[in-house]
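upload-v9.cif follows; it contains mmCIF, C-alpha atoms, pLDDT in the B column; chains and numbers go by the auth columns.
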data_input
#
loop_
_atom_site.group_PDB
_atom_site.id
_atom_site.type_symbol
_atom_site.label_atom_id
_atom_site.label_comp_id
_atom_site.label_asym_id
_atom_site.label_seq_id
_atom_site.Cartn_x
_atom_site.Cartn_y
_atom_site.Cartn_z
_atom_site.B_iso_or_equiv
_atom_site.auth_seq_id
_atom_site.auth_asym_id
ATOM 1 C CA MET A 1 -14.882 -56.112 109.529 46.00 213 A
ATOM 2 C CA GLN A 2 -16.654 -58.519 107.224 53.00 214 A
ATOM 3 C CA ALA A 3 -19.979 -56.690 107.570 57.00 215 A
ATOM 4 C CA GLY A 4 -18.550 -53.722 105.618 60.00 216 A
ATOM 5 C CA PRO A 5 -17.573 -55.608 102.438 61.00 217 A
ATOM 6 C CA ARG A 6 -20.723 -57.737 102.615 63.00 218 A
ATOM 7 C CA ALA A 7 -22.912 -54.618 102.894 57.00 219 A
ATOM 8 C CA LEU A 8 -20.980 -53.032 100.009 54.00 220 A
ATOM 9 C CA CYS A 9 -21.584 -56.102 97.808 55.00 221 A
ATOM 10 C CA ALA A 10 -25.293 -56.056 98.678 57.00 222 A
ATOM 11 C CA ALA A 11 -25.572 -52.361 97.864 56.00 223 A
ATOM 12 C CA THR A 12 -23.726 -52.832 94.557 57.00 224 A
ATOM 13 C CA GLY A 13 -26.000 -55.745 93.645 54.00 225 A
ATOM 14 C CA ALA A 14 -29.107 -53.740 94.488 56.00 226 A
ATOM 15 C CA SER A 15 -27.835 -50.800 92.419 56.00 227 A
ATOM 16 C CA LEU A 16 -27.163 -53.039 89.423 51.00 228 A
ATOM 17 C CA CYS A 17 -30.615 -54.571 89.795 53.00 229 A
ATOM 18 C CA CYS A 18 -32.210 -51.104 89.798 52.00 230 A
ATOM 19 C CA LEU A 19 -30.207 -50.055 86.731 54.00 231 A
ATOM 20 C CA CYS A 20 -31.273 -53.205 84.870 49.00 232 A
ATOM 21 C CA LEU A 21 -34.903 -52.585 85.789 53.00 233 A
ATOM 22 C CA LEU A 22 -34.720 -48.950 84.618 54.00 234 A
ATOM 23 C CA TRP A 23 -33.088 -50.031 81.361 54.00 235 A
ATOM 24 C CA LEU A 24 -35.852 -52.603 80.733 53.00 236 A
ATOM 25 C CA ILE A 25 -38.557 -50.014 81.411 53.00 237 A
ATOM 26 C CA TYR A 26 -36.880 -47.505 79.086 54.00 238 A
ATOM 27 C CA ALA A 27 -36.391 -50.130 76.344 53.00 239 A
ATOM 28 C CA HIS A 28 -40.056 -51.104 76.581 53.00 240 A
ATOM 29 C CA TRP A 29 -41.186 -47.473 76.561 52.00 241 A
ATOM 30 C CA LEU A 30 -39.067 -46.496 73.542 50.00 242 A
ATOM 31 C CA ARG A 31 -39.553 -49.544 71.346 53.00 243 A
ATOM 32 C CA GLU A 32 -37.716 -49.998 68.100 53.00 244 A
ATOM 33 C CA GLY A 33 -39.418 -47.929 65.418 63.00 245 A
ATOM 34 C CA GLN A 34 -40.591 -45.183 67.748 77.00 246 A
ATOM 35 C CA LEU A 35 -39.129 -41.715 67.501 79.00 247 A
ATOM 36 C CA ALA A 36 -38.308 -39.396 70.350 85.00 248 A
ATOM 37 C CA VAL A 37 -40.620 -36.363 70.483 87.00 249 A
ATOM 38 C CA GLY A 38 -39.381 -33.490 68.330 88.00 250 A
ATOM 39 C CA THR A 39 -37.268 -35.652 66.002 89.00 251 A
ATOM 40 C CA CYS A 40 -37.530 -36.837 62.389 91.00 252 A
ATOM 41 C CA GLU A 41 -35.992 -39.575 60.290 90.00 253 A
ATOM 42 C CA ILE A 42 -35.723 -40.077 56.539 88.00 254 A
ATOM 43 C CA ILE A 43 -37.619 -43.199 55.489 88.00 255 A
ATOM 44 C CA THR A 44 -36.978 -43.220 51.732 88.00 256 A
ATOM 45 C CA LEU A 45 -34.758 -41.217 49.415 86.00 257 A
ATOM 46 C CA ASN A 46 -35.027 -41.777 45.658 88.00 258 A
ATOM 47 C CA ARG A 47 -32.881 -39.921 43.130 86.00 259 A
ATOM 48 C CA ASP A 48 -33.380 -39.782 39.366 87.00 260 A
ATOM 49 C CA SER A 49 -30.561 -38.314 37.255 85.00 261 A
ATOM 50 C CA SER A 50 -31.894 -39.507 33.893 86.00 262 A
ATOM 51 C CA GLN A 51 -32.426 -35.966 32.590 82.00 263 A
ATOM 52 C CA PRO A 52 -29.315 -33.965 31.646 80.00 264 A
ATOM 53 C CA ARG A 53 -28.394 -31.122 34.028 77.00 265 A
ATOM 54 C CA ARG A 54 -31.271 -32.039 36.319 79.00 266 A
ATOM 55 C CA MET A 55 -31.733 -34.361 39.264 80.00 267 A
ATOM 56 C CA ILE A 56 -35.104 -35.210 40.736 82.00 268 A
ATOM 57 C CA ALA A 57 -35.063 -36.388 44.334 83.00 269 A
ATOM 58 C CA ARG A 58 -38.013 -37.634 46.329 84.00 270 A
ATOM 59 C CA GLN A 59 -37.665 -37.946 50.064 85.00 271 A
ATOM 60 C CA THR A 60 -40.115 -39.296 52.600 86.00 272 A
ATOM 61 C CA ALA A 61 -39.624 -38.446 56.266 87.00 273 A
ATOM 62 C CA ARG A 62 -41.357 -39.506 59.461 88.00 274 A
ATOM 63 C CA CYS A 63 -41.575 -37.093 62.387 91.00 275 A
ATOM 64 C CA ALA A 64 -42.794 -37.222 65.986 92.00 276 A
ATOM 65 C CA CYS A 65 -43.664 -33.575 66.529 92.00 277 A
ATOM 66 C CA ARG A 66 -44.944 -31.732 69.574 93.00 278 A
ATOM 67 C CA ARG A 67 -48.430 -30.257 69.717 93.00 279 A
ATOM 68 C CA GLY A 68 -48.673 -27.270 67.377 93.00 280 A
ATOM 69 C CA GLN A 69 -45.858 -28.561 65.166 93.00 281 A
ATOM 70 C CA ILE A 70 -45.843 -30.478 61.901 90.00 282 A
ATOM 71 C CA ALA A 71 -43.236 -32.117 59.686 89.00 283 A
ATOM 72 C CA GLY A 72 -41.283 -29.607 57.628 89.00 284 A
ATOM 73 C CA THR A 73 -37.751 -28.787 56.522 89.00 285 A
ATOM 74 C CA THR A 74 -35.033 -26.809 58.278 91.00 286 A
ATOM 75 C CA ARG A 75 -31.561 -26.370 56.770 89.00 287 A
ATOM 76 C CA SER A 76 -32.345 -28.991 54.083 87.00 288 A
ATOM 77 C CA ARG A 77 -33.232 -31.647 56.671 90.00 289 A
ATOM 78 C CA PRO A 78 -36.597 -32.909 57.895 91.00 290 A
ATOM 79 C CA ALA A 79 -37.630 -31.169 61.106 92.00 291 A
ATOM 80 C CA CYS A 80 -40.655 -30.319 63.213 93.00 292 A
ATOM 81 C CA VAL A 81 -41.800 -26.770 62.458 94.00 293 A
ATOM 82 C CA ASP A 82 -44.644 -24.517 63.585 94.00 294 A
ATOM 83 C CA ALA A 83 -47.876 -25.777 61.948 93.00 295 A
ATOM 84 C CA ARG A 84 -48.843 -22.176 61.150 94.00 296 A
ATOM 85 C CA ILE A 85 -45.991 -21.989 58.607 93.00 297 A
ATOM 86 C CA VAL A 86 -47.216 -25.021 56.678 88.00 298 A
ATOM 87 C CA LYS A 87 -50.895 -24.057 56.801 90.00 299 A
ATOM 88 C CA SER A 88 -50.190 -20.534 55.538 93.00 300 A
ATOM 89 C CA ARG A 89 -47.647 -21.873 52.983 92.00 301 A
ATOM 90 C CA GLN A 90 -45.037 -19.335 54.055 93.00 302 A
ATOM 91 C CA TRP A 91 -42.338 -21.953 53.468 93.00 303 A
ATOM 92 C CA CYS A 92 -39.307 -19.671 53.809 94.00 304 A
ATOM 93 C CA GLU A 93 -40.214 -18.956 57.467 94.00 305 A
ATOM 94 C CA MET A 94 -39.053 -22.477 58.412 93.00 306 A
ATOM 95 C CA THR A 95 -35.530 -21.714 57.069 93.00 307 A
ATOM 96 C CA PRO A 96 -35.591 -24.632 54.590 93.00 308 A
ATOM 97 C CA CYS A 97 -32.416 -23.798 52.666 92.00 309 A
ATOM 98 C CA SER A 98 -28.821 -24.649 53.534 91.00 310 A
ATOM 99 C CA GLU A 99 -26.374 -22.032 54.825 91.00 311 A
ATOM 100 C CA GLY A 100 -25.561 -19.493 52.088 91.00 312 A
ATOM 101 C CA GLU A 101 -28.665 -20.236 49.992 92.00 313 A
ATOM 102 C CA ILE A 102 -31.511 -17.784 49.394 93.00 314 A
ATOM 103 C CA CYS A 103 -35.110 -18.947 49.843 94.00 315 A
ATOM 104 C CA SER A 104 -37.862 -17.738 47.496 94.00 316 A
ATOM 105 C CA LEU A 105 -41.511 -18.789 47.370 94.00 317 A
ATOM 106 C CA LEU A 106 -42.819 -20.247 44.113 93.00 318 A
ATOM 107 C CA PHE A 107 -45.341 -17.930 42.449 91.00 319 A
ATOM 108 C CA ASN A 108 -48.313 -20.105 43.502 92.00 320 A
ATOM 109 C CA ARG A 109 -46.836 -20.780 46.981 90.00 321 A
ATOM 110 C CA SER A 110 -46.842 -24.527 46.235 91.00 322 A
ATOM 111 C CA GLY A 111 -43.210 -24.765 47.333 92.00 323 A
ATOM 112 C CA TRP A 112 -39.917 -22.884 47.407 94.00 324 A
ATOM 113 C CA THR A 113 -36.579 -22.533 45.673 93.00 325 A
ATOM 114 C CA CYS A 114 -33.147 -22.402 47.247 93.00 326 A
ATOM 115 C CA SER A 115 -30.672 -20.577 45.031 92.00 327 A
ATOM 116 C CA LYS A 116 -26.948 -20.188 45.324 88.00 328 A
ATOM 117 C CA GLY A 117 -24.369 -18.323 43.279 80.00 329 A
ATOM 118 C CA GLY A 118 -23.527 -19.740 39.859 78.00 330 A
ATOM 119 C CA GLY A 119 -27.163 -20.324 38.941 78.00 331 A
ATOM 120 C CA ARG A 120 -27.545 -23.444 41.097 82.00 332 A
ATOM 121 C CA MET A 121 -31.130 -23.821 42.198 85.00 333 A
ATOM 122 C CA LYS A 122 -33.189 -26.382 44.134 87.00 334 A
ATOM 123 C CA THR A 123 -36.948 -26.355 43.759 88.00 335 A
ATOM 124 C CA VAL A 124 -38.978 -28.082 46.482 88.00 336 A
ATOM 125 C CA THR A 125 -42.678 -28.853 46.313 86.00 337 A
ATOM 126 C CA PRO A 126 -44.061 -30.711 49.349 83.00 338 A
ATOM 127 C CA LEU A 127 -46.615 -33.409 48.736 73.00 339 A
ATOM 128 C CA PRO A 128 -50.046 -32.822 50.232 69.00 340 A
ATOM 129 C CA LYS A 129 -50.689 -34.610 53.501 64.00 341 A
ATOM 130 C CA GLU A 130 -52.409 -37.960 53.041 59.00 342 A
ATOM 131 C CA PRO A 131 -55.586 -38.499 55.057 54.00 343 A
ATOM 132 C CA SER A 132 -55.036 -40.724 58.106 51.00 344 A
#

What is this file in structure tokens?
Amino acid sequence: MQAGPRALCAATGASLCCLCLLWLIYAHWLREGQLAVGTCEIITLNRDSSQPRRMIARQTARCACRRGQIAGTTRSRPACVDARIVKSRQWCEMTPCSEGEICSLLFNRSGWTCSKGGGRMKTVTPLPKEPS
């Protein structure tokens, strides 16, 4: 009768050992500071409200995109989008505006505007990609 509980304890110990080993491997593989593929994070967000009726916000995001994707904006948040959209500067194809807003390209295609009723408008101009 004692072989049963002893075998159960050994199996439980082995299972816990395996779980600890898997956790260590995963923690080493996904070190602090690394992003999961297909995700983005906001690194800096600076807001300037010094001008009346106008706020200037600058946001820097870091993304770990899949092949064929590049950092962009979807629903007013950083996201990985199809690289073709960014290269062709067809910004509204990545659905950059929040729900209920209308996207329009700037006349020189250097960015886009998101407009909402009441004359509220956001203008976004992405910075050019820095050479690596």

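Taking CA of Gln271 in chain A and CA of Arg321 in chain A as endpoints, the distance between them is 19.7 Å.
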
Open item on the list: Measuring between all atoms listed in the file, which one of A:Ser261, A:Ser300, A:Asn320, A:Ser310 shows the shortest distance to Thr285 in chain A?
Closed with: A:Ser310

TODO: Just say which residues the PyMOL selection byres ((chain A and resi 328-342) around 9) picks in this file, as a PyMOL selection string.
DONE: chain A and resi 284+309+312-314+318+322-327+343-344

Task: Residues within 10 Å of Ile254 in chain A, only C-alpha atoms, excluding chain neighbours under 4 positions, as a ChimeraX atom specification - done: /A:271-275,289-290

Open item on the list: List the spatial neighbours of range 278-280 of chain A as a VMD selection string - criterion: any atom at most 7 Å away, only C-alpha atoms, same-chain residues fewer than 3 positions off excluded.
Closed with: chain A and resid 249 to 250 294 to 295

- [ ] Quick one: pull the distance between CA of Val298 in chain A and CA of Cys252 in chain A, Å, one decimal.
- [x] 16.3 Å

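For the pair CA of Leu247 in chain A and CA of Arg287 in chain A, the interatomic distance is 20.2 Å.
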